[in-house]
Amino acid sequence: MRVLIYHSDAEQWRNILLERLPDAEIQIAADSGNPQVDYLVAWKPPASVFEEQRALKGIVNLGAGVDALLQNPALPREIPIVKLRDAGMGELIGDYARYGVLHFQRDFDRYRRQQASAEWREVPVVDKPDWPVGVLGLGAIGTRVSQMLAADGYPVHGWSRSPKRIEGIACHHGDEGLDTLLRQVKTLITLLPDTPATRHIINRDNLAKLPNGANLINPGRGTLIDEPALLDALGEGEHEGHLRGALLDAFPTEPLAAESPLWRHPRILITPHMAGPTPIGAAADQVADALDAMSKGKAVETIDPEAGY
């Protein structure tokens, strides 16, 4: 089995995969001149990799999001693609979501603003059972995040395109289900993939359906949010709008441009796409298992390029 790795930490990935696949021939991508390989293990490879590698039998995407890979104009459409599914990212993103929910449920956003004006005023606590949370996207990561929040005591509503059943989670699906979810949650968490159907799903109409004073957490994809609509919903300056606040980790273009108004909005918290870094050990186990299965002709779970995940 011949494998090519394209990643910013390719040397580390090669070493850890060789521990799991000692009989494999694993090389690191160079600008040109790599021998033909059977499998590509990569994160956002350039078109030149596919132009050079003409005998690929499969691709393993080193992340849960495959939008950049699918948008690559040189990607051979007939090659099966395996993506990472959770691999420890769900726990990390769950912690990020839990922090975000607590930030708003326990009014830390308001206390932060009060501190700036030396204002000593306690805000009445809303109990967890009275703080419904909505999670858009019920894949492996969305399911884990939903379960963690439900275990903390929040009523959790989840939404997916097709019907799902998850114990302890009120599951909704389709357009009607999305409408139902949006109208009753105080915190909305977006964990959908980037597809034509999900881009700007957080738009003016859907933001208006949220209860007054709701908040948004996005550790998913930056393309899910219509940013001008979000800014309008948040209001200007110290005048709170329909939406109380937002915690944002992903953006359509990264790094987020210094001139973006998101940086300076008083009710937005920004983090640099750090909610769910890939734990390399657990991810390497998935990669090695996928490569081993594909090389032996066994069935593996691949993405649907048309659906985008």
# chains A, B, ... in the order shown; residues from 1 in each chain; ligands from 1
call {"tool": "closest_atom_pairs", "arguments": {"of": "region 74-185 of chain A", "to": "region 217-234 of chain A", "cutoff": "8 Å", "atoms": "only C-alpha atoms", "output": "CSV"}}
result
residue,atom,partner,partner_atom,distance
A:Ile93,CA,A:Pro219,CA,7.0
A:Tyr96,CA,A:Pro219,CA,7.8
A:Ala97,CA,A:Ile217,CA,7.1
A:Gly100,CA,A:Ile217,CA,6.7
call {"tool": "write_last_selection", "arguments": {"atoms": "all heavy atoms", "output": "compact mmCIF listing (two decimals), in the first residue's frame"}}
result
# COMPACT_ATOMS: atom_id res chain seq x y z
N ILE A 93 -15.41 20.09 20.91
CA ILE A 93 -16.44 21.04 20.47
C ILE A 93 -17.57 21.08 21.49
O ILE A 93 -18.18 22.13 21.72
CB ILE A 93 -16.93 20.67 19.06
CG1 ILE A 93 -15.80 20.87 18.05
CG2 ILE A 93 -18.15 21.50 18.67
CD1 ILE A 93 -16.12 20.43 16.65
N TYR A 96 -16.57 23.48 24.10
CA TYR A 96 -16.71 24.84 23.59
C TYR A 96 -18.18 25.27 23.66
O TYR A 96 -18.50 26.38 24.10
CB TYR A 96 -16.20 24.87 22.14
CG TYR A 96 -16.19 26.23 21.48
CD1 TYR A 96 -15.03 26.99 21.46
CD2 TYR A 96 -17.31 26.74 20.84
CE1 TYR A 96 -15.00 28.24 20.83
CE2 TYR A 96 -17.29 27.98 20.21
CZ TYR A 96 -16.13 28.72 20.21
OH TYR A 96 -16.11 29.94 19.59
N ALA A 97 -19.06 24.38 23.23
CA ALA A 97 -20.50 24.70 23.26
C ALA A 97 -20.99 24.87 24.69
O ALA A 97 -21.79 25.78 24.98
CB ALA A 97 -21.28 23.60 22.55
N GLY A 100 -20.04 28.23 25.88
CA GLY A 100 -20.87 29.26 25.26
C GLY A 100 -22.25 29.34 25.87
O GLY A 100 -22.77 30.43 26.14
call {"tool": "residues_around", "arguments": {"residues": "Ala68 (chain A)", "least_positions_apart": "3", "cutoff": "7 Å", "atoms": "only C-alpha atoms", "output": "list of chain:residue names"}}
result
A:Lys44, A:Gln71, A:Asn72
call {"tool": "residues_around", "arguments": {"residues": "Val126 (chain A)", "least_positions_apart": "5", "cutoff": "9 Å", "atoms": "only C-alpha atoms", "output": "PDB file with C-alpha atoms, in the first residue's frame"}}
result
ATOM      1  CA  GLN A 105     -27.255  31.347  30.623  1.00  0.00           C
ATOM      2  CA  ARG A 106     -25.317  32.694  33.613  1.00  0.00           C
ATOM      3  CA  TRP A 131     -32.951  27.225  28.913  1.00  0.00           C
TER       4      TRP A 131
END
call {"tool": "closest_residue", "arguments": {"among": "A:Leu291, A:Met148, A:Ile303, A:Val37", "to": "Leu18 (chain A)", "atoms": "only C-alpha atoms"}}
result
A:Leu291
call {"tool": "closest_residue", "arguments": {"among": "A:Leu192, A:Leu149, A:Leu136, A:Leu262", "to": "Leu178 (chain A)", "atoms": "only C-alpha atoms"}}
result
A:Leu136
call {"tool": "closest_residue", "arguments": {"among": "A:Leu216, A:Val3, A:Val125, A:Ile189", "to": "Thr143 (chain A)", "atoms": "only C-alpha atoms"}}
result
A:Ile189
call {"tool": "select_by_dssp", "arguments": {"residues": "region 81-242 of chain A", "states": "alpha helix (DSSP H)", "output": "PyMOL selection string"}}
result
chain A and resi 89-105+108-116+140-151+174-182+204-209+227-234
call {"tool": "closest_residue", "arguments": {"among": "A:Ala293, A:Lys186, A:Ile169, A:Arg199", "to": "Leu243 (chain A)", "atoms": "only C-alpha atoms"}}
result
A:Lys186
call {"tool": "residues_around", "arguments": {"residues": "Leu17 (chain A)", "least_positions_apart": "4", "cutoff": "7 Å", "atoms": "only C-alpha atoms", "output": "list in words"}}
result
Trp13, Leu21, Ala284 and Ala288 of chain A
call {"tool": "closest_residue", "arguments": {"among": "A:Pro76, A:Ala250, A:Ala307, A:Tyr39", "to": "Glu51 (chain A)", "atoms": "only C-alpha atoms"}}
result
A:Pro76
call {"tool": "atom_distance", "arguments": {"atom1": "CA of Leu269 (chain A)", "atom2": "CA of Glu122 (chain A)"}}
result
21.8 Å
call {"tool": "atom_distance", "arguments": {"atom1": "CA of Arg121 (chain A)", "atom2": "CA of Arg98 (chain A)"}}
result
24.6 Å
call {"tool": "residues_around", "arguments": {"residues": "Gly158 (chain A)", "least_positions_apart": "4", "cutoff": "12 Å", "atoms": "only C-alpha atoms", "output": "ChimeraX atom specification"}}
result
/A:132-139,141-147,149-150,162-174,177-182,184-185,187-192
call {"tool": "select_by_dssp", "arguments": {"residues": "region 136-204 of chain A", "states": "strand (DSSP E or B)", "output": "number ranges by chain"}}
result
A: 136, 156-160, 170-173, 187-190, 202
call {"tool": "closest_residue", "arguments": {"among": "A:Gln286, A:Ser117, A:Thr278, A:Ser48", "to": "Glu301 (chain A)", "atoms": "only C-alpha atoms"}}
result
A:Gln286
call {"tool": "residues_around", "arguments": {"residues": "Gly276 (chain A)", "least_positions_apart": "2", "cutoff": "6 Å", "atoms": "only C-alpha atoms", "output": "list of chain:residue names"}}
result
A:Met89, A:Leu92, A:Ile93, A:Met274
call {"tool": "residues_around", "arguments": {"residues": "Ser8 (chain A)", "least_positions_apart": "5", "cutoff": "12 Å", "atoms": "only C-alpha atoms", "output": "list in words"}}
result
Trp13, Arg14, Ile28, Ala29, Ala30, Val41, Ala42, Trp43, Lys44, Pro45 and Leu62 of chain A
call {"tool": "write_last_selection", "arguments": {"atoms": "C-alpha atoms", "output": "PDB file, in the first residue's frame"}}
result
ATOM      1  CA  TRP A  13       1.358  12.182  10.402  1.00  0.00           C
ATOM      2  CA  ARG A  14       3.792   9.885   8.580  1.00  0.00           C
ATOM      3  CA  ILE A  28       5.211  13.245   2.124  1.00  0.00           C
ATOM      4  CA  ALA A  29       3.980  15.475  -0.663  1.00  0.00           C
ATOM      5  CA  ALA A  30       6.574  17.639  -2.366  1.00  0.00           C
ATOM      6  CA  VAL A  41      -4.220  11.395   3.133  1.00  0.00           C
ATOM      7  CA  ALA A  42      -4.679  15.148   3.081  1.00  0.00           C
ATOM      8  CA  TRP A  43      -6.085  18.392   4.392  1.00  0.00           C
ATOM      9  CA  LYS A  44      -6.911  21.003   1.724  1.00  0.00           C
ATOM     10  CA  PRO A  45      -4.500  19.695  -0.927  1.00  0.00           C
ATOM     11  CA  LEU A  62      -7.952  14.853   7.621  1.00  0.00           C
TER      12      LEU A  62
END
